[in-house]
file input-v7.csv (CSV, C-alpha atoms)
chain,number,residue,atom,x,y,z
P,1,MET,CA,-130.3,92.6,-96.8
P,2,GLY,CA,-131.6,93.0,-93.3
P,3,PHE,CA,-129.2,93.4,-90.4
P,4,ASN,CA,-126.5,91.2,-91.8
P,5,ASN,CA,-123.3,91.9,-89.8
P,6,GLU,CA,-120.9,90.2,-87.4
P,7,GLY,CA,-122.8,91.0,-84.3
P,8,HIS,CA,-122.5,93.2,-81.2
P,9,ASP,CA,-118.9,92.2,-80.2
P,10,ALA,CA,-117.4,92.9,-83.6
P,11,ALA,CA,-119.2,96.2,-84.0
P,12,PHE,CA,-118.3,97.3,-80.4
P,13,ALA,CA,-114.6,96.5,-81.0
P,14,ARG,CA,-114.5,98.6,-84.2
P,15,LEU,CA,-116.3,101.5,-82.5
P,16,LYS,CA,-114.6,101.5,-79.2
P,17,GLY,CA,-112.1,104.4,-79.0
P,18,LEU,CA,-113.2,105.8,-82.3
P,19,ARG,CA,-113.3,109.5,-82.6
P,20,VAL,CA,-115.3,111.1,-85.4
P,21,PRO,CA,-116.3,114.7,-85.9
P,22,ALA,CA,-119.9,113.8,-86.0
P,23,ALA,CA,-122.7,112.1,-84.0
P,24,LEU,CA,-122.3,108.4,-83.8
P,25,GLY,CA,-125.6,106.5,-84.1
P,26,VAL,CA,-125.9,102.8,-83.5
P,27,ASN,CA,-128.8,101.0,-85.1
P,28,ILE,CA,-130.2,98.2,-82.9
P,29,GLY,CA,-132.5,95.4,-84.0
P,30,ALA,CA,-133.5,91.8,-83.6
P,31,ASN,CA,-132.1,88.6,-85.1
P,32,LYS,CA,-134.6,87.0,-87.4
P,33,ASP,CA,-134.3,83.7,-85.6
P,34,SER,CA,-134.7,85.1,-82.1
P,35,ALA,CA,-137.2,83.6,-79.8
P,36,ASP,CA,-137.7,87.1,-78.2
P,37,PHE,CA,-137.2,90.1,-80.4
P,38,VAL,CA,-137.5,92.6,-77.5
P,39,ALA,CA,-134.7,90.9,-75.5
P,40,ASP,CA,-132.4,91.5,-78.5
P,41,TYR,CA,-133.1,95.2,-78.4
P,42,VAL,CA,-132.4,95.3,-74.7
P,43,LEU,CA,-129.0,93.6,-75.3
P,44,GLY,CA,-128.3,96.3,-77.9
P,45,VAL,CA,-129.0,99.1,-75.4
P,46,GLN,CA,-126.8,97.4,-72.8
P,47,ARG,CA,-123.9,97.0,-75.2
P,48,PHE,CA,-123.9,100.4,-76.9
P,49,ALA,CA,-125.5,102.9,-74.5
P,50,ASP,CA,-122.1,104.1,-73.2
P,51,LEU,CA,-120.6,104.2,-76.6
P,52,ALA,CA,-123.1,105.8,-79.0
P,53,ASP,CA,-124.2,109.4,-79.2
P,54,TYR,CA,-127.7,108.0,-79.9
P,55,LEU,CA,-129.4,104.6,-80.5
P,56,THR,CA,-131.9,103.9,-83.2
P,57,VAL,CA,-134.5,101.4,-82.3
P,58,ASN,CA,-135.2,99.9,-85.7
P,59,VAL,CA,-138.7,98.3,-85.9
P,60,SER,CA,-139.2,99.0,-89.6
P,61,SER,CA,-136.7,97.0,-91.7
P,62,PRO,CA,-138.9,95.0,-94.2
P,63,ASN,CA,-136.1,92.5,-94.6
P,64,THR,CA,-136.4,90.8,-91.2
P,65,PRO,CA,-139.6,88.7,-91.1
P,66,GLY,CA,-142.0,89.8,-88.4
P,67,LEU,CA,-139.9,92.8,-87.3
P,68,ARG,CA,-142.5,95.4,-88.5
P,69,ASN,CA,-145.1,93.8,-86.2
P,70,LEU,CA,-143.3,95.6,-83.4
P,71,GLN,CA,-144.8,98.8,-84.6
P,72,ALA,CA,-148.3,97.6,-83.5
P,73,ASP,CA,-149.7,99.3,-80.4
P,74,GLU,CA,-149.1,96.8,-77.5
P,75,ALA,CA,-145.9,95.3,-79.0
P,76,LEU,CA,-144.4,98.8,-79.4
P,77,ARG,CA,-145.5,99.7,-75.9
P,78,ARG,CA,-143.7,96.7,-74.4
P,79,LEU,CA,-140.6,97.2,-76.6
P,80,LEU,CA,-140.1,100.9,-75.7
P,81,GLY,CA,-140.8,100.2,-72.1
P,82,GLU,CA,-138.1,97.6,-71.9
P,83,VAL,CA,-135.6,99.6,-74.0
P,84,LEU,CA,-136.1,102.8,-72.0
P,85,THR,CA,-135.8,100.8,-68.8
P,86,ALA,CA,-132.5,99.4,-70.0
P,87,ARG,CA,-131.4,102.9,-71.0
P,88,ALA,CA,-132.2,104.2,-67.5
P,89,LYS,CA,-129.9,101.6,-66.0
P,90,ALA,CA,-126.9,102.5,-68.1
P,91,LYS,CA,-124.2,104.9,-66.9
P,92,THR,CA,-125.0,107.3,-69.7
P,93,ARG,CA,-128.5,108.5,-70.7
P,94,VAL,CA,-128.1,108.0,-74.4
P,95,PRO,CA,-130.8,109.5,-76.6
P,96,VAL,CA,-133.1,106.8,-78.1
P,97,LEU,CA,-134.9,107.3,-81.4
P,98,LEU,CA,-137.5,105.1,-83.0
P,99,LYS,CA,-137.2,104.4,-86.8
P,100,ILE,CA,-140.6,103.6,-88.4
P,101,ALA,CA,-141.7,102.4,-91.8
P,102,PRO,CA,-143.1,104.6,-94.6
P,103,ASP,CA,-145.8,102.0,-95.4
P,104,LEU,CA,-147.9,102.8,-92.3
P,105,ASP,CA,-151.6,103.8,-92.8
P,106,GLU,CA,-153.4,106.5,-90.8
P,107,ALA,CA,-154.4,104.2,-88.0
P,108,GLY,CA,-150.8,102.8,-87.7
P,109,MET,CA,-149.4,106.3,-87.4
P,110,ASP,CA,-152.0,107.3,-84.9
P,111,ALA,CA,-151.1,104.2,-82.7
P,112,ILE,CA,-147.4,104.9,-82.9
P,113,ALA,CA,-147.9,108.6,-81.9
P,114,ARG,CA,-150.2,107.6,-79.1
P,115,VAL,CA,-147.6,105.2,-77.6
P,116,ILE,CA,-144.5,107.3,-78.0
P,117,LEU,CA,-146.1,110.4,-76.5
P,118,GLU,CA,-146.6,108.4,-73.3
P,119,THR,CA,-142.8,107.7,-73.1
P,120,ASP,CA,-139.6,109.7,-72.8
P,121,LEU,CA,-138.5,108.7,-76.2
P,122,ASP,CA,-136.1,111.3,-77.6
P,123,GLY,CA,-137.2,111.3,-81.2
P,124,LEU,CA,-138.3,109.6,-84.4
P,125,ILE,CA,-136.6,108.7,-87.6
P,126,VAL,CA,-138.9,108.8,-90.6
P,127,SER,CA,-138.5,106.6,-92.5
P,128,ASN,CA,-137.0,103.3,-93.3
P,129,THR,CA,-137.2,101.7,-96.8
P,130,THR,CA,-140.5,100.8,-98.5
P,131,ILE,CA,-142.1,97.6,-99.7
P,132,SER,CA,-144.2,99.6,-102.1
P,133,ARG,CA,-143.3,99.4,-105.8
P,134,ASP,CA,-145.7,102.1,-107.0
P,135,ALA,CA,-142.9,104.5,-107.7
P,136,VAL,CA,-140.9,102.1,-109.9
P,137,ALA,CA,-143.8,100.1,-111.5
P,138,GLY,CA,-142.8,98.8,-114.9
P,139,LEU,CA,-139.1,99.2,-114.4
P,140,GLU,CA,-136.6,96.4,-114.6
P,141,ASN,CA,-136.2,94.5,-111.3
P,142,ALA,CA,-139.2,96.4,-109.8
P,143,ASP,CA,-140.6,93.2,-108.5
P,144,GLU,CA,-137.5,92.2,-106.4
P,145,ALA,CA,-138.2,91.6,-102.8
P,146,GLY,CA,-136.9,93.8,-100.0
P,147,GLY,CA,-136.8,97.4,-99.0
P,148,LEU,CA,-136.7,100.1,-101.8
P,149,SER,CA,-134.6,103.2,-101.0
P,150,GLY,CA,-133.2,106.1,-103.0
P,151,LYS,CA,-135.1,108.7,-105.0
P,152,PRO,CA,-138.3,106.6,-105.5
P,153,LEU,CA,-138.7,106.6,-101.7
P,154,PHE,CA,-138.6,110.4,-101.4
P,155,ASP,CA,-142.2,111.4,-101.8
P,156,LEU,CA,-143.7,108.6,-99.6
P,157,SER,CA,-141.2,109.1,-96.8
P,158,THR,CA,-141.5,112.8,-96.8
P,159,ARG,CA,-145.3,112.7,-96.7
P,160,ARG,CA,-145.1,110.3,-93.7
P,161,LEU,CA,-142.6,112.6,-92.1
P,162,ALA,CA,-145.0,115.5,-92.3
P,163,GLN,CA,-147.9,113.4,-91.1
P,164,MET,CA,-146.0,112.2,-88.1
P,165,ARG,CA,-145.0,115.8,-87.4
P,166,GLN,CA,-148.7,116.7,-87.2
P,167,ARG,CA,-149.1,113.9,-84.7
P,168,VAL,CA,-146.2,114.3,-82.4
P,169,GLY,CA,-145.9,118.1,-81.9
P,170,ALA,CA,-142.4,119.3,-81.1
P,171,LEU,CA,-140.8,115.8,-80.7
P,172,PRO,CA,-137.5,115.8,-82.7
P,173,ILE,CA,-137.7,114.0,-86.1
P,174,VAL,CA,-134.9,112.9,-88.3
P,175,GLY,CA,-136.0,112.9,-92.0
P,176,VAL,CA,-134.6,110.2,-94.1
P,177,GLY,CA,-135.5,108.5,-97.4
P,178,GLY,CA,-134.5,109.7,-100.9
P,179,VAL,CA,-132.4,112.7,-99.9
P,180,HIS,CA,-130.1,113.2,-102.9
P,181,SER,CA,-129.7,117.0,-103.5
P,182,PRO,CA,-129.9,120.4,-101.7
P,183,GLN,CA,-133.5,120.8,-102.9
P,184,SER,CA,-134.6,117.4,-101.5
P,185,ALA,CA,-132.7,118.1,-98.2
P,186,LEU,CA,-134.5,121.4,-97.8
P,187,ALA,CA,-137.8,119.8,-98.5
P,188,LYS,CA,-137.3,117.4,-95.6
P,189,PHE,CA,-136.8,120.3,-93.2
P,190,GLU,CA,-139.9,122.1,-94.6
P,191,ALA,CA,-141.9,118.9,-94.1
P,192,GLY,CA,-140.9,118.9,-90.4
P,193,ALA,CA,-137.5,117.3,-90.0
P,194,ASN,CA,-135.1,118.7,-87.4
P,195,ALA,CA,-132.2,116.9,-89.0
P,196,ILE,CA,-131.7,114.7,-92.0
P,197,GLN,CA,-129.9,111.5,-93.0
P,198,LEU,CA,-129.0,110.1,-96.4
P,199,TYR,CA,-127.5,106.8,-97.5
P,200,SER,CA,-128.3,105.6,-101.0
P,201,ALA,CA,-127.3,108.9,-102.6
P,202,LEU,CA,-123.7,108.5,-101.2
P,203,VAL,CA,-123.2,105.6,-103.6
P,204,PHE,CA,-123.8,107.9,-106.5
P,205,GLY,CA,-122.6,111.2,-105.2
P,206,GLY,CA,-119.8,110.3,-102.8
P,207,LEU,CA,-118.9,112.4,-99.8
P,208,ASP,CA,-118.7,115.5,-102.0
P,209,LEU,CA,-122.5,115.4,-102.0
P,210,LEU,CA,-122.5,116.4,-98.3
P,211,ASP,CA,-120.7,119.6,-99.0
P,212,ARG,CA,-123.0,120.4,-102.0
P,213,ILE,CA,-126.1,119.8,-99.8
P,214,LYS,CA,-124.7,122.0,-97.1
P,215,ARG,CA,-124.0,124.8,-99.5
P,216,GLY,CA,-127.4,124.5,-101.0
P,217,LEU,CA,-129.1,124.6,-97.6
P,218,VAL,CA,-127.2,127.8,-96.8
P,219,ALA,CA,-128.4,129.3,-100.1
P,220,GLY,CA,-131.9,128.2,-99.4
P,221,VAL,CA,-131.9,129.8,-96.0
P,222,ARG,CA,-130.7,133.1,-97.3
P,223,SER,CA,-133.1,133.0,-100.2
P,224,ALA,CA,-136.0,132.6,-97.8
P,225,GLY,CA,-134.7,135.6,-95.8
P,226,LYS,CA,-134.0,133.4,-92.7
P,227,THR,CA,-130.9,133.2,-90.5
P,228,ASN,CA,-130.7,129.4,-90.0
P,229,ILE,CA,-132.3,126.2,-91.1
P,230,ALA,CA,-134.3,125.8,-87.9
P,231,GLU,CA,-136.5,128.7,-89.1
P,232,LEU,CA,-137.6,126.7,-92.1
P,233,VAL,CA,-138.5,123.5,-90.1
P,234,GLY,CA,-142.1,122.6,-90.6
P,235,THR,CA,-143.0,125.5,-92.9
P,236,ARG,CA,-144.7,123.2,-95.4
P,237,VAL,CA,-145.9,120.4,-93.1
P,238,ASP,CA,-149.6,120.7,-94.1
P,239,ASP,CA,-148.8,120.7,-97.9
P,240,TRP,CA,-146.6,117.6,-97.6
P,241,ALA,CA,-149.0,115.8,-95.4
P,242,ALA,CA,-151.8,116.3,-97.8
P,243,GLY,CA,-149.8,115.2,-100.8
P,244,ARG,CA,-149.9,118.6,-102.4
P,245,ILE,CA,-146.2,118.6,-103.0
P,246,THR,CA,-143.9,116.1,-104.8
P,247,ALA,CA,-140.2,115.7,-105.1
P,248,PRO,CA,-138.3,118.9,-106.1
call {"tool": "encode", "arguments": {"input": "input-v7.csv", "output": "structure tokens"}}
result
Amino acid sequence: MGFNNEGHDAAFARLKGLRVPAALGVNIGANKDSADFVADYVLGVQRFADLADYLTVNVSSPNTPGLRNLQADEALRRLLGEVLTARAKAKTRVPVLLKIAPDLDEAGMDAIARVILETDLDGLIVSNTTISRDAVAGLENADEAGGLSGKPLFDLSTRRLAQMRQRVGALPIVGVGGVHSPQSALAKFEAGANAIQLYSALVFGGLDLLDRIKRGLVAGVRSAGKTNIAELVGTRVDDWAAGRITAP
């Protein structure tokens, strides 16, 4: 589906003055027919920096042709440079997080880590949807184009999360991709996430799923003899990074 929406002005009008008891993140990206992808991101920063609690620089949607090319070394360096310069000019220093693909290889992850550690980026979001169909091979509609999300994404996205944690040290990471239960949420934290997001599971579990996950996380913390979830962050990074663990 890509970034189908009514554009900056419509989104800004809906969000302006909105008060929600949670962090408000705004996902910024480029139009597929844009002559300058980077300029579109800068416009997104300029429009939403004073409104959002954080901005997601999305360079990993597989549904916008050419977008993932921005993950490459020099392209990413230019993008983050201009985005963070635009952020510095805004009245509010809004946190900026970079959302990456789960389909990166070792060299791709190395390049991203090298670039972001040279910037004052506030964090990573790992990961977007996947173009891989290995997890659903042989199933009906498995060959449809676009990004695959939900449970089949969990193992790949969590492995990439752990591998990026190994590369970026203490930089905050939001774990996303296939979270659908208390056990899968806990696994993201153990793989190195400081926070988690979920989306597809809400279609099937509704908002009640959030309470179930929170109760499950509390039980997991207590069972591990810890006092809060932060004490479990990164406790199984090496196992997940090496592929020695799969979805709970």
call {"tool": "closest_atom_pairs", "arguments": {"input": "input-v7.csv", "of": "region 95-181 of chain P", "to": "region 21-34 of chain P", "cutoff": "10 Å", "atoms": "all atoms listed in the file", "output": "tab-separated table"}}
result
residue	atom	partner	partner_atom	distance
P:Pro95	CA	P:Gly25	CA	9.6
P:Val96	CA	P:Gly25	CA	9.6
P:Leu97	CA	P:Asn27	CA	9.5
P:Leu98	CA	P:Asn27	CA	9.8
P:Lys99	CA	P:Asn27	CA	9.2
call {"tool": "closest_residue", "arguments": {"input": "input-v7.csv", "among": "P:Asp103, P:Asp110, P:Asp122, P:Asp36", "to": "Leu156 (chain P)", "atoms": "all atoms listed in the file"}}
result
P:Asp103
call {"tool": "residues_around", "arguments": {"input": "input-v7.csv", "residues": "Leu51 (chain P)", "least_positions_apart": "6", "cutoff": "12 Å", "atoms": "only C-alpha atoms", "output": "list in words"}}
result
Ala11, Phe12, Ala13, Arg14, Leu15, Lys16, Gly17, Leu18, Arg19, Ala23, Leu24, Gly25, Val26, Gly44, Val45, Ala90, Lys91, Thr92, Arg93, Val94 and Pro95 of chain P
call {"tool": "atom_distance", "arguments": {"input": "input-v7.csv", "atom1": "CA of Ile213 (chain P)", "atom2": "CA of Val233 (chain P)"}}
result
16.2 Å
call {"tool": "closest_atom_pairs", "arguments": {"input": "input-v7.csv", "of": "region 11-105 of chain P", "to": "region 128-137 of chain P", "cutoff": "8 Å", "atoms": "all atoms listed in the file", "output": "JSON lines"}}
result
{"residue": "P:Ser60", "atom": "CA", "partner": "P:Asn128", "partner_atom": "CA", "distance": 6.1}
{"residue": "P:Ser61", "atom": "CA", "partner": "P:Asn128", "partner_atom": "CA", "distance": 6.5}
{"residue": "P:Pro62", "atom": "CA", "partner": "P:Ile131", "partner_atom": "CA", "distance": 6.9}
{"residue": "P:Lys99", "atom": "CA", "partner": "P:Asn128", "partner_atom": "CA", "distance": 6.6}
{"residue": "P:Ile100", "atom": "CA", "partner": "P:Asn128", "partner_atom": "CA", "distance": 6.1}
{"residue": "P:Ala101", "atom": "CA", "partner": "P:Asn128", "partner_atom": "CA", "distance": 5.0}
{"residue": "P:Pro102", "atom": "CA", "partner": "P:Thr130", "partner_atom": "CA", "distance": 6.0}
{"residue": "P:Asp103", "atom": "CA", "partner": "P:Thr130", "partner_atom": "CA", "distance": 6.3}
call {"tool": "atom_distance", "arguments": {"input": "input-v7.csv", "atom1": "CA of Lys151 (chain P)", "atom2": "CA of Gly177 (chain P)"}}
result
7.6 Å
call {"tool": "atom_distance", "arguments": {"input": "input-v7.csv", "atom1": "CA of Ile112 (chain P)", "atom2": "CA of Pro65 (chain P)"}}
result
19.8 Å
call {"tool": "closest_residue", "arguments": {"input": "input-v7.csv", "among": "P:Ala111, P:Leu139, P:Gly150, P:Glu144", "to": "Gly205 (chain P)", "atoms": "all atoms listed in the file"}}
result
P:Gly150
call {"tool": "closest_residue", "arguments": {"input": "input-v7.csv", "among": "P:Gly66, P:Gly216, P:Gly169, P:Gly225", "to": "Ser181 (chain P)", "atoms": "all atoms listed in the file"}}
result
P:Gly216
call {"tool": "residues_near_point", "arguments": {"input": "input-v7.csv", "point": "(-132.4, 112.0, -93.5)", "cutoff": "9 Å", "atoms": "all atoms listed in the file", "output": "PyMOL selection string"}}
result
chain P and resi 125-127+174-179+185+188+193+195-199
call {"tool": "closest_residue", "arguments": {"input": "input-v7.csv", "among": "P:Ala224, P:Leu153, P:Ile229, P:Leu217", "to": "Asn194 (chain P)", "atoms": "all atoms listed in the file"}}
result
P:Ile229
